[in-house]
Amino acid sequence: MLRGRGRYRAHSIEAFKCRRREQEQTLRKARKEKQLVSKRLLRDVWEDGDRMETAESPLTREEVLQLHQRIQLGTEDRLVALRCLRRALQQKEVQQTFLSLDSSLHVLVGLFTSNLASVQLEAAGCLLELSHSDDPSISLLCLPATPYLLTYLSGRSVRFTELCLYILGNLAAENAAVRRQLMAQGVIHALATCLQSSEGAVVEAAAYSLSQLLQGKESAHNIVPAELVAKVIPLLLQLLVADSQCGVWAAVESAWCLHYIISSGAISEHLVSQDIVSRAVTLLIALGKPGSATPPDTVHLLIIPVVRCLGNLIAGEETNQCKAQIQQSDLLPTLGLFITSFLHTQPFVARECLWLFNNLTAGDALFCSAVLGLNLVPMFLRLIPFSGGINTQALLVLGNVAELGPETCQRLYQADVTPALCCALRMADVEVVRLALEVLNMIFLHCPEAYVEFVKQDGVQAVEAIQYNANEEIRVRAHFLMDKYFTQQSEGS
């Protein structure tokens, strides 16, 4: 950014890309949970050494006007002015000032169509900065550029094509009018062509742009059917491998596309018939093996969307068909490995894997038996002290196992589940307490010997204290547990 004389010189391109993708992962998580929109910048493609300039304040209107005048001149100074403008547009105030000038965007689009590659690239950089704005009106102002952006996707310059793809993705992120125009202009077929590129950077950018399109509310009715016609799904599935020739980031973006397609609920049956379940399972198992081709510091970025694909498919109408393709695999031990490996460093990965565990074991005797047979119960018990949704998901899985009846409750008791549940009763989280009471009720119902252990762990005192909880549902459940199992027992003795 132009903020005076100070300059910040970026580290290596790969380090910058890694930071950028980490930020994208955070934004995607926020977008999922808070309905935010994420956009992407690509400031590492310029060779001038400046990713960002620092300054105390943005350019004045007069300075922006001077740059606007200079970029219209057919001199060598135009390229320098464009470069300065591209950096200055990293500031919101400068964006608003520039767009308020007469014919500013018209001039910029004109330079974007220049026959000089250096001018085109800098103009594209300016459009990229504008497309990254959080002001939805700016994406509408950029509509005149979309026909050229799509045309240039067939160009020979990898980095220019990559820039155009990211601009398209950013523009489509939050504006239905932009998405409608792009669809009318044939964006899906253009992206399908880019997904077949031999350049990993182009494939990644195309999948990113596609993922932005897929997040619109109209996706199920307009975009997903167009993808079927353009045969995009097989292209995305081909990228769903650990050692993709296009690189791990192309696989990450492809997985997010598939996640959004599944979330739309439009073609789940078609995806299952295209073998997405076995592909996803195979990929996760490969990522969990020692010596995986995926870098250890980035593997979690691929795990998340793949786990979400499986979790949503299992929760949908194709539940039985999906589970049948998983039962003979090593998926459960792999999920357990991810949970323990990322619990302290990337807890959201553990939470996503637990969510998939919950979907797999809900009402399913085979998967519940597998949890017991693979001795995974101790892992779930160790998760109960952890907050942030991890302990609630662990208790949900234990509840799924206990719900199957006497045999599984007996095995849970033998796995020393009672002390952990007593600890859960003393936690402040109401949902944790509620789930712990549910699991205890099922274990007591089918395993009377658990009473003795519960008393030894001072569980009765914990339940008595809960009877005065502010939450009415918790009070009712606690009263029920005391009346059914302990009050009668005391009277009988």
# chains A, B, ... in the order shown; residues from 1 in each chain; ligands from 1
call {"tool": "residues_around", "arguments": {"residues": "Ala478 (chain A)", "least_positions_apart": "4", "cutoff": "12 Å", "atoms": "only C-alpha atoms", "output": "number ranges by chain"}}
result
A: 425, 433-438, 440-441, 459-469, 471-474, 482-487
call {"tool": "residues_around", "arguments": {"residues": "Val203 (chain A)", "least_positions_apart": "6", "cutoff": "10 Å", "atoms": "only C-alpha atoms", "output": "list in words"}}
result
Glu162, Leu165, Leu191, Ala192, Thr193, Cys194, Leu195, Gln196, Ser197, Ser209, Leu236, Leu239, Cys246, Gly247, Trp249, Ala250, Ala251, Glu253 and Ser254 of chain A
call {"tool": "residues_around", "arguments": {"residues": "Cys142 (chain A)", "least_positions_apart": "2", "cutoff": "12 Å", "atoms": "only C-alpha atoms", "output": "PyMOL selection string"}}
result
chain A and resi 99+104-109+112+124+126-133+135-140+144-149+167-168+170-172+175+177-178+181-182
call {"tool": "residues_around", "arguments": {"residues": "Val277 (chain A)", "least_positions_apart": "6", "cutoff": "9 Å", "atoms": "only C-alpha atoms", "output": "VMD selection string"}}
result
chain A and resid 271 309 to 310 313 322 to 323 325 to 326
call {"tool": "write_last_selection", "arguments": {"atoms": "N, CA, C and O atoms", "output": "PDB file, in the first residue's frame"}}
result
ATOM      1  N   LEU A 271     -23.647 -37.711  -7.171  1.00  0.00           N
ATOM      2  CA  LEU A 271     -22.292 -37.733  -6.639  1.00  0.00           C
ATOM      3  C   LEU A 271     -21.940 -39.097  -6.055  1.00  0.00           C
ATOM      4  O   LEU A 271     -20.843 -39.601  -6.249  1.00  0.00           O
ATOM      5  N   CYS A 309     -17.671 -33.176   3.256  1.00  0.00           N
ATOM      6  CA  CYS A 309     -18.350 -33.878   2.160  1.00  0.00           C
ATOM      7  C   CYS A 309     -18.972 -35.172   2.660  1.00  0.00           C
ATOM      8  O   CYS A 309     -20.160 -35.447   2.434  1.00  0.00           O
ATOM      9  N   LEU A 310     -18.174 -35.977   3.361  1.00  0.00           N
ATOM     10  CA  LEU A 310     -18.671 -37.258   3.861  1.00  0.00           C
ATOM     11  C   LEU A 310     -19.767 -37.052   4.896  1.00  0.00           C
ATOM     12  O   LEU A 310     -20.798 -37.732   4.871  1.00  0.00           O
ATOM     13  N   LEU A 313     -23.033 -36.016   3.208  1.00  0.00           N
ATOM     14  CA  LEU A 313     -23.608 -37.121   2.435  1.00  0.00           C
ATOM     15  C   LEU A 313     -24.262 -38.140   3.354  1.00  0.00           C
ATOM     16  O   LEU A 313     -25.360 -38.642   3.080  1.00  0.00           O
ATOM     17  N   CYS A 322     -24.091 -44.647   1.400  1.00  0.00           N
ATOM     18  CA  CYS A 322     -22.786 -44.077   1.747  1.00  0.00           C
ATOM     19  C   CYS A 322     -22.093 -44.905   2.821  1.00  0.00           C
ATOM     20  O   CYS A 322     -20.894 -45.211   2.714  1.00  0.00           O
ATOM     21  N   LYS A 323     -22.836 -45.264   3.858  1.00  0.00           N
ATOM     22  CA  LYS A 323     -22.241 -46.035   4.949  1.00  0.00           C
ATOM     23  C   LYS A 323     -21.762 -47.403   4.479  1.00  0.00           C
ATOM     24  O   LYS A 323     -20.745 -47.914   4.957  1.00  0.00           O
ATOM     25  N   GLN A 325     -20.374 -48.097   1.777  1.00  0.00           N
ATOM     26  CA  GLN A 325     -19.074 -47.954   1.111  1.00  0.00           C
ATOM     27  C   GLN A 325     -17.952 -47.642   2.086  1.00  0.00           C
ATOM     28  O   GLN A 325     -16.781 -47.665   1.717  1.00  0.00           O
ATOM     29  N   ILE A 326     -18.287 -47.362   3.337  1.00  0.00           N
ATOM     30  CA  ILE A 326     -17.275 -46.981   4.325  1.00  0.00           C
ATOM     31  C   ILE A 326     -16.950 -48.122   5.276  1.00  0.00           C
ATOM     32  O   ILE A 326     -15.838 -48.219   5.786  1.00  0.00           O
TER      33      ILE A 326
END
call {"tool": "closest_residue", "arguments": {"among": "A:Gly316, A:Pro448, A:Gly265, A:Pro385", "to": "Pro225 (chain A)", "atoms": "only C-alpha atoms"}}
result
A:Gly265
call {"tool": "select_by_dssp", "arguments": {"residues": "region 117-265 of chain A", "states": "alpha helix (DSSP H)", "output": "short mmCIF file (atom, residue, chain, number, x, y, z; two decimals) with N, CA, C and O atoms, in the first residue's frame"}}
result
data_model
loop_
_atom_site.label_atom_id
_atom_site.label_comp_id
_atom_site.auth_asym_id
_atom_site.auth_seq_id
_atom_site.Cartn_x
_atom_site.Cartn_y
_atom_site.Cartn_z
N ALA A 117 1.47 -6.50 -22.60
CA ALA A 117 1.29 -7.46 -21.51
C ALA A 117 1.54 -6.83 -20.15
O ALA A 117 0.83 -7.13 -19.17
N SER A 118 2.55 -5.96 -20.04
CA SER A 118 2.87 -5.35 -18.75
C SER A 118 1.74 -4.44 -18.27
O SER A 118 1.40 -4.42 -17.08
N VAL A 119 1.13 -3.70 -19.21
CA VAL A 119 0.00 -2.83 -18.86
C VAL A 119 -1.21 -3.68 -18.46
O VAL A 119 -1.92 -3.39 -17.49
N GLN A 120 -1.45 -4.74 -19.21
CA GLN A 120 -2.56 -5.64 -18.89
C GLN A 120 -2.44 -6.21 -17.48
O GLN A 120 -3.41 -6.26 -16.72
N LEU A 121 -1.23 -6.64 -17.15
CA LEU A 121 -1.01 -7.28 -15.85
C LEU A 121 -1.26 -6.29 -14.70
O LEU A 121 -1.91 -6.64 -13.71
N GLU A 122 -0.75 -5.08 -14.84
CA GLU A 122 -0.96 -4.10 -13.78
C GLU A 122 -2.42 -3.69 -13.69
O GLU A 122 -2.95 -3.49 -12.59
N ALA A 123 -3.10 -3.55 -14.82
CA ALA A 123 -4.53 -3.24 -14.80
C ALA A 123 -5.32 -4.37 -14.14
O ALA A 123 -6.27 -4.12 -13.39
N ALA A 124 -4.90 -5.60 -14.43
CA ALA A 124 -5.55 -6.74 -13.78
C ALA A 124 -5.34 -6.69 -12.27
O ALA A 124 -6.24 -7.02 -11.49
N GLY A 125 -4.13 -6.27 -11.85
CA GLY A 125 -3.87 -6.12 -10.42
C GLY A 125 -4.78 -5.10 -9.77
O GLY A 125 -5.26 -5.28 -8.65
N CYS A 126 -5.03 -4.00 -10.48
CA CYS A 126 -5.97 -2.99 -9.98
C CYS A 126 -7.38 -3.56 -9.84
O CYS A 126 -8.07 -3.33 -8.84
N LEU A 127 -7.81 -4.31 -10.84
CA LEU A 127 -9.14 -4.93 -10.78
C LEU A 127 -9.21 -5.94 -9.64
O LEU A 127 -10.26 -6.07 -8.99
N LEU A 128 -8.12 -6.65 -9.40
CA LEU A 128 -8.11 -7.62 -8.32
C LEU A 128 -8.29 -6.93 -6.97
O LEU A 128 -9.06 -7.41 -6.12
N GLU A 129 -7.58 -5.82 -6.79
CA GLU A 129 -7.74 -5.08 -5.53
C GLU A 129 -9.17 -4.57 -5.37
O GLU A 129 -9.74 -4.64 -4.27
N LEU A 130 -9.76 -4.08 -6.44
CA LEU A 130 -11.15 -3.62 -6.37
C LEU A 130 -12.10 -4.78 -6.08
O LEU A 130 -13.05 -4.65 -5.30
N SER A 131 -11.85 -5.92 -6.70
CA SER A 131 -12.73 -7.07 -6.51
C SER A 131 -12.68 -7.59 -5.08
O SER A 131 -13.60 -8.27 -4.62
N PRO A 136 -20.26 -4.39 -1.71
CA PRO A 136 -20.88 -5.14 -2.81
C PRO A 136 -21.16 -4.29 -4.04
O PRO A 136 -21.29 -4.82 -5.14
N SER A 137 -21.27 -2.98 -3.88
CA SER A 137 -21.55 -2.12 -5.04
C SER A 137 -20.37 -2.08 -6.01
O SER A 137 -20.55 -1.87 -7.21
N ILE A 138 -19.16 -2.32 -5.50
CA ILE A 138 -17.99 -2.27 -6.36
C ILE A 138 -17.99 -3.42 -7.36
O ILE A 138 -17.60 -3.27 -8.52
N SER A 139 -18.46 -4.59 -6.91
CA SER A 139 -18.51 -5.73 -7.84
C SER A 139 -19.47 -5.43 -9.00
O SER A 139 -19.23 -5.86 -10.14
N LEU A 140 -20.54 -4.69 -8.73
CA LEU A 140 -21.46 -4.31 -9.80
C LEU A 140 -20.78 -3.33 -10.77
O LEU A 140 -20.98 -3.41 -11.98
N LEU A 141 -20.00 -2.42 -10.22
CA LEU A 141 -19.29 -1.46 -11.07
C LEU A 141 -18.28 -2.15 -11.98
O LEU A 141 -17.96 -1.65 -13.05
N THR A 146 -16.18 -8.26 -16.97
CA THR A 146 -16.35 -9.72 -16.97
C THR A 146 -16.22 -10.38 -18.34
O THR A 146 -15.63 -11.47 -18.43
N PRO A 147 -16.72 -9.79 -19.45
CA PRO A 147 -16.53 -10.46 -20.74
C PRO A 147 -15.04 -10.62 -21.10
O PRO A 147 -14.64 -11.66 -21.65
N TYR A 148 -14.25 -9.62 -20.75
CA TYR A 148 -12.82 -9.69 -21.05
C TYR A 148 -12.12 -10.69 -20.13
O TYR A 148 -11.23 -11.42 -20.56
N LEU A 149 -12.54 -10.71 -18.88
CA LEU A 149 -11.96 -11.68 -17.94
C LEU A 149 -12.16 -13.10 -18.44
O LEU A 149 -11.25 -13.93 -18.41
N LEU A 150 -13.36 -13.40 -18.91
CA LEU A 150 -13.65 -14.74 -19.42
C LEU A 150 -12.88 -15.01 -20.71
O LEU A 150 -12.38 -16.13 -20.93
N THR A 151 -12.76 -14.01 -21.57
CA THR A 151 -12.03 -14.19 -22.83
C THR A 151 -10.57 -14.51 -22.58
O THR A 151 -9.98 -15.38 -23.23
N VAL A 158 0.23 -17.96 -17.66
CA VAL A 158 -0.33 -18.64 -16.50
C VAL A 158 -0.72 -17.64 -15.42
O VAL A 158 -1.82 -17.69 -14.87
N ARG A 159 0.17 -16.71 -15.13
CA ARG A 159 -0.12 -15.82 -14.02
C ARG A 159 -1.24 -14.83 -14.37
O ARG A 159 -2.01 -14.43 -13.51
N PHE A 160 -1.36 -14.45 -15.64
CA PHE A 160 -2.45 -13.57 -16.04
C PHE A 160 -3.78 -14.31 -15.97
O PHE A 160 -4.79 -13.77 -15.50
N THR A 161 -3.79 -15.56 -16.43
CA THR A 161 -5.00 -16.38 -16.32
C THR A 161 -5.39 -16.57 -14.87
O THR A 161 -6.57 -16.48 -14.50
N GLU A 162 -4.39 -16.82 -14.02
CA GLU A 162 -4.64 -17.00 -12.60
C GLU A 162 -5.27 -15.74 -12.00
O GLU A 162 -6.24 -15.82 -11.23
N LEU A 163 -4.74 -14.58 -12.36
CA LEU A 163 -5.30 -13.31 -11.88
C LEU A 163 -6.76 -13.15 -12.31
O LEU A 163 -7.63 -12.79 -11.50
N CYS A 164 -7.03 -13.43 -13.57
CA CYS A 164 -8.41 -13.29 -14.07
C CYS A 164 -9.36 -14.19 -13.31
O CYS A 164 -10.50 -13.81 -13.00
N LEU A 165 -8.92 -15.40 -13.00
CA LEU A 165 -9.77 -16.35 -12.28
C LEU A 165 -10.08 -15.86 -10.87
O LEU A 165 -11.22 -15.97 -10.39
N TYR A 166 -9.08 -15.31 -10.20
CA TYR A 166 -9.32 -14.82 -8.85
C TYR A 166 -10.21 -13.58 -8.86
O TYR A 166 -11.03 -13.38 -7.95
N ILE A 167 -10.06 -12.74 -9.87
CA ILE A 167 -10.95 -11.58 -9.98
C ILE A 167 -12.40 -12.06 -10.17
O ILE A 167 -13.32 -11.57 -9.51
N LEU A 168 -12.59 -13.03 -11.05
CA LEU A 168 -13.93 -13.57 -11.28
C LEU A 168 -14.51 -14.15 -10.00
O LEU A 168 -15.68 -13.92 -9.66
N GLY A 169 -13.71 -14.91 -9.27
CA GLY A 169 -14.19 -15.51 -8.03
C GLY A 169 -14.57 -14.47 -7.00
O GLY A 169 -15.60 -14.59 -6.33
N ASN A 170 -13.74 -13.44 -6.87
CA ASN A 170 -14.04 -12.38 -5.91
C ASN A 170 -15.31 -11.62 -6.28
O ASN A 170 -16.12 -11.28 -5.42
N LEU A 171 -15.47 -11.33 -7.56
CA LEU A 171 -16.66 -10.58 -8.00
C LEU A 171 -17.94 -11.39 -7.77
O LEU A 171 -18.99 -10.85 -7.45
N ALA A 172 -17.83 -12.70 -7.92
CA ALA A 172 -19.01 -13.55 -7.79
C ALA A 172 -19.37 -13.86 -6.34
O ALA A 172 -20.45 -14.38 -6.06
N ALA A 176 -25.49 -11.53 -6.46
CA ALA A 176 -26.26 -12.39 -7.35
C ALA A 176 -26.30 -11.86 -8.77
O ALA A 176 -26.32 -12.64 -9.73
N ALA A 177 -26.31 -10.54 -8.92
CA ALA A 177 -26.36 -9.94 -10.26
C ALA A 177 -25.09 -10.28 -11.05
O ALA A 177 -25.15 -10.56 -12.25
N VAL A 178 -23.96 -10.27 -10.37
CA VAL A 178 -22.71 -10.64 -11.03
C VAL A 178 -22.74 -12.11 -11.43
O VAL A 178 -22.35 -12.47 -12.55
N ARG A 179 -23.22 -12.96 -10.54
CA ARG A 179 -23.29 -14.39 -10.85
C ARG A 179 -24.22 -14.65 -12.04
O ARG A 179 -23.93 -15.49 -12.89
N ARG A 180 -25.35 -13.93 -12.10
CA ARG A 180 -26.26 -14.11 -13.22
C ARG A 180 -25.60 -13.73 -14.54
O ARG A 180 -25.75 -14.43 -15.54
N GLN A 181 -24.87 -12.61 -14.53
CA GLN A 181 -24.21 -12.20 -15.77
C GLN A 181 -23.12 -13.19 -16.16
O GLN A 181 -23.00 -13.54 -17.34
N LEU A 182 -22.36 -13.66 -15.19
CA LEU A 182 -21.31 -14.63 -15.49
C LEU A 182 -21.90 -15.93 -16.04
O LEU A 182 -21.34 -16.52 -16.99
N MET A 183 -23.00 -16.36 -15.47
CA MET A 183 -23.64 -17.58 -15.98
C MET A 183 -24.11 -17.37 -17.41
O MET A 183 -23.96 -18.25 -18.27
N ALA A 184 -24.69 -16.20 -17.69
CA ALA A 184 -25.16 -15.92 -19.05
C ALA A 184 -23.99 -15.84 -20.04
O ALA A 184 -24.17 -16.13 -21.23
N VAL A 187 -19.64 -18.82 -17.93
CA VAL A 187 -18.53 -18.97 -17.01
C VAL A 187 -18.25 -20.44 -16.67
O VAL A 187 -17.09 -20.82 -16.49
N ILE A 188 -19.29 -21.27 -16.59
CA ILE A 188 -19.07 -22.67 -16.19
C ILE A 188 -18.22 -23.41 -17.21
O ILE A 188 -17.29 -24.14 -16.86
N HIS A 189 -18.52 -23.23 -18.48
CA HIS A 189 -17.72 -23.91 -19.52
C HIS A 189 -16.28 -23.37 -19.52
O HIS A 189 -15.33 -24.14 -19.74
N ALA A 190 -16.13 -22.07 -19.28
CA ALA A 190 -14.78 -21.49 -19.22
C ALA A 190 -13.99 -22.08 -18.05
O ALA A 190 -12.80 -22.42 -18.20
N LEU A 191 -14.64 -22.22 -16.91
CA LEU A 191 -13.97 -22.79 -15.75
C LEU A 191 -13.66 -24.27 -15.96
O LEU A 191 -12.63 -24.77 -15.52
N ALA A 192 -14.57 -24.97 -16.63
CA ALA A 192 -14.33 -26.39 -16.92
C ALA A 192 -13.07 -26.55 -17.76
O ALA A 192 -12.28 -27.48 -17.55
N THR A 193 -12.86 -25.67 -18.71
CA THR A 193 -11.65 -25.72 -19.53
C THR A 193 -10.42 -25.48 -18.68
O THR A 193 -9.40 -26.19 -18.82
N CYS A 194 -10.49 -24.50 -17.77
CA CYS A 194 -9.35 -24.20 -16.90
C CYS A 194 -9.05 -25.35 -15.94
O CYS A 194 -7.89 -25.58 -15.59
N LEU A 195 -10.08 -26.07 -15.52
CA LEU A 195 -9.86 -27.21 -14.62
C LEU A 195 -9.09 -28.33 -15.30
O LEU A 195 -8.56 -29.22 -14.62
N GLY A 200 -0.98 -26.30 -12.30
CA GLY A 200 -1.67 -26.42 -11.02
C GLY A 200 -2.23 -25.11 -10.51
O GLY A 200 -3.31 -25.08 -9.91
N ALA A 201 -1.51 -24.01 -10.74
CA ALA A 201 -1.98 -22.70 -10.27
C ALA A 201 -3.28 -22.31 -10.94
O ALA A 201 -4.18 -21.73 -10.32
N VAL A 202 -3.43 -22.63 -12.22
CA VAL A 202 -4.64 -22.31 -12.96
C VAL A 202 -5.79 -23.19 -12.47
O VAL A 202 -6.92 -22.71 -12.28
N VAL A 203 -5.52 -24.46 -12.25
CA VAL A 203 -6.55 -25.38 -11.77
C VAL A 203 -7.05 -24.94 -10.39
O VAL A 203 -8.25 -24.91 -10.12
N GLU A 204 -6.11 -24.60 -9.52
CA GLU A 204 -6.50 -24.13 -8.18
C GLU A 204 -7.36 -22.88 -8.26
O GLU A 204 -8.40 -22.77 -7.59
N ALA A 205 -6.94 -21.91 -9.07
CA ALA A 205 -7.69 -20.67 -9.20
C ALA A 205 -9.07 -20.91 -9.80
O ALA A 205 -10.06 -20.28 -9.40
N ALA A 206 -9.16 -21.81 -10.77
CA ALA A 206 -10.46 -22.12 -11.39
C ALA A 206 -11.40 -22.75 -10.37
O ALA A 206 -12.59 -22.42 -10.30
N ALA A 207 -10.86 -23.67 -9.55
CA ALA A 207 -11.69 -24.31 -8.53
C ALA A 207 -12.12 -23.30 -7.47
O ALA A 207 -13.25 -23.35 -6.97
N TYR A 208 -11.23 -22.37 -7.14
CA TYR A 208 -11.59 -21.31 -6.19
C TYR A 208 -12.73 -20.47 -6.76
O TYR A 208 -13.71 -20.19 -6.06
N SER A 209 -12.60 -20.05 -7.99
CA SER A 209 -13.64 -19.23 -8.62
C SER A 209 -14.97 -19.99 -8.65
O SER A 209 -16.04 -19.43 -8.38
N LEU A 210 -14.91 -21.27 -8.95
CA LEU A 210 -16.11 -22.10 -8.99
C LEU A 210 -16.74 -22.20 -7.60
O LEU A 210 -17.97 -22.15 -7.45
N SER A 211 -15.89 -22.34 -6.58
CA SER A 211 -16.43 -22.45 -5.21
C SER A 211 -17.16 -21.18 -4.80
O SER A 211 -18.14 -21.23 -4.06
N GLN A 212 -16.69 -20.02 -5.28
CA GLN A 212 -17.38 -18.78 -4.98
C GLN A 212 -18.75 -18.72 -5.66
O GLN A 212 -19.74 -18.27 -5.07
N LEU A 213 -18.82 -19.19 -6.88
CA LEU A 213 -20.11 -19.25 -7.58
C LEU A 213 -21.10 -20.15 -6.85
O LEU A 213 -22.29 -19.87 -6.75
N VAL A 224 -25.40 -25.63 -10.25
CA VAL A 224 -25.12 -27.07 -10.22
C VAL A 224 -25.63 -27.78 -11.48
O VAL A 224 -24.90 -28.59 -12.07
N PRO A 225 -26.85 -27.51 -11.96
CA PRO A 225 -27.28 -28.13 -13.22
C PRO A 225 -26.36 -27.78 -14.39
O PRO A 225 -26.10 -28.63 -15.25
N ALA A 226 -25.88 -26.54 -14.43
CA ALA A 226 -24.96 -26.15 -15.51
C ALA A 226 -23.65 -26.92 -15.40
O ALA A 226 -23.02 -27.25 -16.42
N GLU A 227 -23.23 -27.23 -14.19
CA GLU A 227 -22.01 -28.02 -14.01
C GLU A 227 -22.19 -29.44 -14.54
O GLU A 227 -21.25 -30.04 -15.08
N LEU A 228 -23.37 -29.98 -14.36
CA LEU A 228 -23.64 -31.32 -14.88
C LEU A 228 -23.52 -31.34 -16.40
O LEU A 228 -22.94 -32.25 -16.99
N VAL A 229 -24.08 -30.31 -17.03
CA VAL A 229 -24.01 -30.22 -18.49
C VAL A 229 -22.56 -30.08 -18.95
O VAL A 229 -22.14 -30.70 -19.94
N ALA A 230 -21.79 -29.26 -18.23
CA ALA A 230 -20.39 -29.02 -18.62
C ALA A 230 -19.45 -30.12 -18.15
O ALA A 230 -18.24 -30.05 -18.39
N VAL A 232 -18.41 -30.91 -15.16
CA VAL A 232 -17.42 -30.40 -14.21
C VAL A 232 -17.17 -31.38 -13.07
O VAL A 232 -16.04 -31.50 -12.58
N ILE A 233 -18.21 -32.11 -12.64
CA ILE A 233 -18.10 -33.00 -11.49
C ILE A 233 -16.94 -34.01 -11.63
O ILE A 233 -16.13 -34.16 -10.73
N PRO A 234 -16.83 -34.72 -12.78
CA PRO A 234 -15.71 -35.66 -12.93
C PRO A 234 -14.35 -34.98 -12.82
O PRO A 234 -13.40 -35.57 -12.30
N LEU A 235 -14.26 -33.73 -13.29
CA LEU A 235 -13.00 -33.00 -13.20
C LEU A 235 -12.64 -32.72 -11.75
O LEU A 235 -11.47 -32.83 -11.34
N LEU A 236 -13.64 -32.37 -10.95
CA LEU A 236 -13.39 -32.12 -9.53
C LEU A 236 -13.02 -33.41 -8.80
O LEU A 236 -12.11 -33.41 -7.95
N LEU A 237 -13.70 -34.49 -9.14
CA LEU A 237 -13.42 -35.76 -8.48
C LEU A 237 -12.02 -36.27 -8.80
O LEU A 237 -11.36 -36.89 -7.95
N GLN A 238 -11.55 -36.01 -10.01
CA GLN A 238 -10.19 -36.43 -10.38
C GLN A 238 -9.13 -35.76 -9.53
O GLN A 238 -8.03 -36.30 -9.34
N VAL A 248 -1.49 -30.00 -4.03
CA VAL A 248 -2.44 -30.19 -2.94
C VAL A 248 -3.48 -29.08 -2.89
O VAL A 248 -4.64 -29.31 -2.54
N TRP A 249 -3.10 -27.86 -3.32
CA TRP A 249 -4.05 -26.75 -3.22
C TRP A 249 -5.18 -26.88 -4.23
O TRP A 249 -6.30 -26.44 -3.96
N ALA A 250 -4.90 -27.48 -5.36
CA ALA A 250 -5.98 -27.75 -6.32
C ALA A 250 -6.96 -28.76 -5.72
O ALA A 250 -8.17 -28.66 -5.89
N ALA A 251 -6.42 -29.75 -4.98
CA ALA A 251 -7.27 -30.73 -4.32
C ALA A 251 -8.12 -30.07 -3.24
O ALA A 251 -9.31 -30.39 -3.07
N VAL A 252 -7.52 -29.12 -2.51
CA VAL A 252 -8.26 -28.40 -1.45
C VAL A 252 -9.44 -27.64 -2.05
O VAL A 252 -10.58 -27.74 -1.57
N GLU A 253 -9.18 -26.89 -3.10
CA GLU A 253 -10.25 -26.09 -3.72
C GLU A 253 -11.31 -26.99 -4.34
O GLU A 253 -12.51 -26.70 -4.28
N SER A 254 -10.89 -28.10 -4.93
CA SER A 254 -11.84 -29.05 -5.50
C SER A 254 -12.75 -29.62 -4.41
O SER A 254 -13.97 -29.76 -4.59
N ALA A 255 -12.15 -29.94 -3.28
CA ALA A 255 -12.94 -30.50 -2.17
C ALA A 255 -13.96 -29.50 -1.65
O ALA A 255 -15.09 -29.86 -1.32
N TRP A 256 -13.58 -28.21 -1.61
CA TRP A 256 -14.55 -27.20 -1.19
C TRP A 256 -15.69 -27.09 -2.20
O TRP A 256 -16.86 -26.94 -1.82
N CYS A 257 -15.37 -27.16 -3.48
CA CYS A 257 -16.44 -27.14 -4.49
C CYS A 257 -17.41 -28.28 -4.27
O CYS A 257 -18.64 -28.09 -4.29
N LEU A 258 -16.89 -29.48 -4.07
CA LEU A 258 -17.74 -30.64 -3.87
C LEU A 258 -18.57 -30.48 -2.59
O LEU A 258 -19.74 -30.88 -2.54
N HIS A 259 -17.97 -29.90 -1.57
CA HIS A 259 -18.71 -29.65 -0.33
C HIS A 259 -19.90 -28.73 -0.58
O HIS A 259 -21.02 -29.00 -0.11
N TYR A 260 -19.69 -27.65 -1.33
CA TYR A 260 -20.79 -26.72 -1.60
C TYR A 260 -21.85 -27.36 -2.49
O TYR A 260 -23.04 -27.08 -2.35
N ILE A 261 -21.43 -28.20 -3.41
CA ILE A 261 -22.40 -28.91 -4.26
C ILE A 261 -23.27 -29.83 -3.41
O ILE A 261 -24.49 -29.88 -3.55
N ILE A 262 -22.62 -30.58 -2.51
CA ILE A 262 -23.36 -31.49 -1.63
C ILE A 262 -24.31 -30.71 -0.73
O ILE A 262 -25.46 -31.09 -0.51
N SER A 263 -23.82 -29.57 -0.20
CA SER A 263 -24.63 -28.75 0.70
C SER A 263 -25.86 -28.19 0.01
O SER A 263 -26.87 -27.93 0.66
N SER A 264 -25.78 -28.01 -1.30
CA SER A 264 -26.94 -27.51 -2.04
C SER A 264 -28.07 -28.52 -2.09
O SER A 264 -29.23 -28.18 -2.32
#
call {"tool": "residues_around", "arguments": {"residues": "region 352-357 of chain A", "least_positions_apart": "4", "cutoff": "8 Å", "atoms": "only C-alpha atoms", "output": "ChimeraX atom specification"}}
result
/A:304,307-308,310-311,332,335-336,338-339,348,361,390,393-394,397
call {"tool": "decode", "arguments": {"residues": "region 469-485 of chain A", "atoms": "C-alpha atoms", "output": "PDB file, in the first residue's frame"}}
result
ATOM      1  CA  ASN A 469     -29.359 -25.706  38.121  1.00  0.00           C
ATOM      2  CA  ALA A 470     -30.878 -22.621  36.529  1.00  0.00           C
ATOM      3  CA  ASN A 471     -31.752 -24.614  33.409  1.00  0.00           C
ATOM      4  CA  GLU A 472     -35.142 -26.271  33.795  1.00  0.00           C
ATOM      5  CA  GLU A 473     -34.389 -29.177  31.447  1.00  0.00           C
ATOM      6  CA  ILE A 474     -31.255 -30.023  33.426  1.00  0.00           C
ATOM      7  CA  ARG A 475     -33.194 -29.913  36.701  1.00  0.00           C
ATOM      8  CA  VAL A 476     -35.863 -32.253  35.354  1.00  0.00           C
ATOM      9  CA  ARG A 477     -33.284 -34.753  34.081  1.00  0.00           C
ATOM     10  CA  ALA A 478     -31.351 -34.651  37.346  1.00  0.00           C
ATOM     11  CA  HIS A 479     -34.519 -35.206  39.398  1.00  0.00           C
ATOM     12  CA  PHE A 480     -35.428 -38.130  37.144  1.00  0.00           C
ATOM     13  CA  LEU A 481     -32.001 -39.745  37.560  1.00  0.00           C
ATOM     14  CA  MET A 482     -32.115 -39.363  41.355  1.00  0.00           C
ATOM     15  CA  ASP A 483     -35.685 -40.615  41.694  1.00  0.00           C
ATOM     16  CA  LYS A 484     -35.236 -43.607  39.398  1.00  0.00           C
ATOM     17  CA  TYR A 485     -31.878 -44.912  40.490  1.00  0.00           C
TER      18      TYR A 485
END
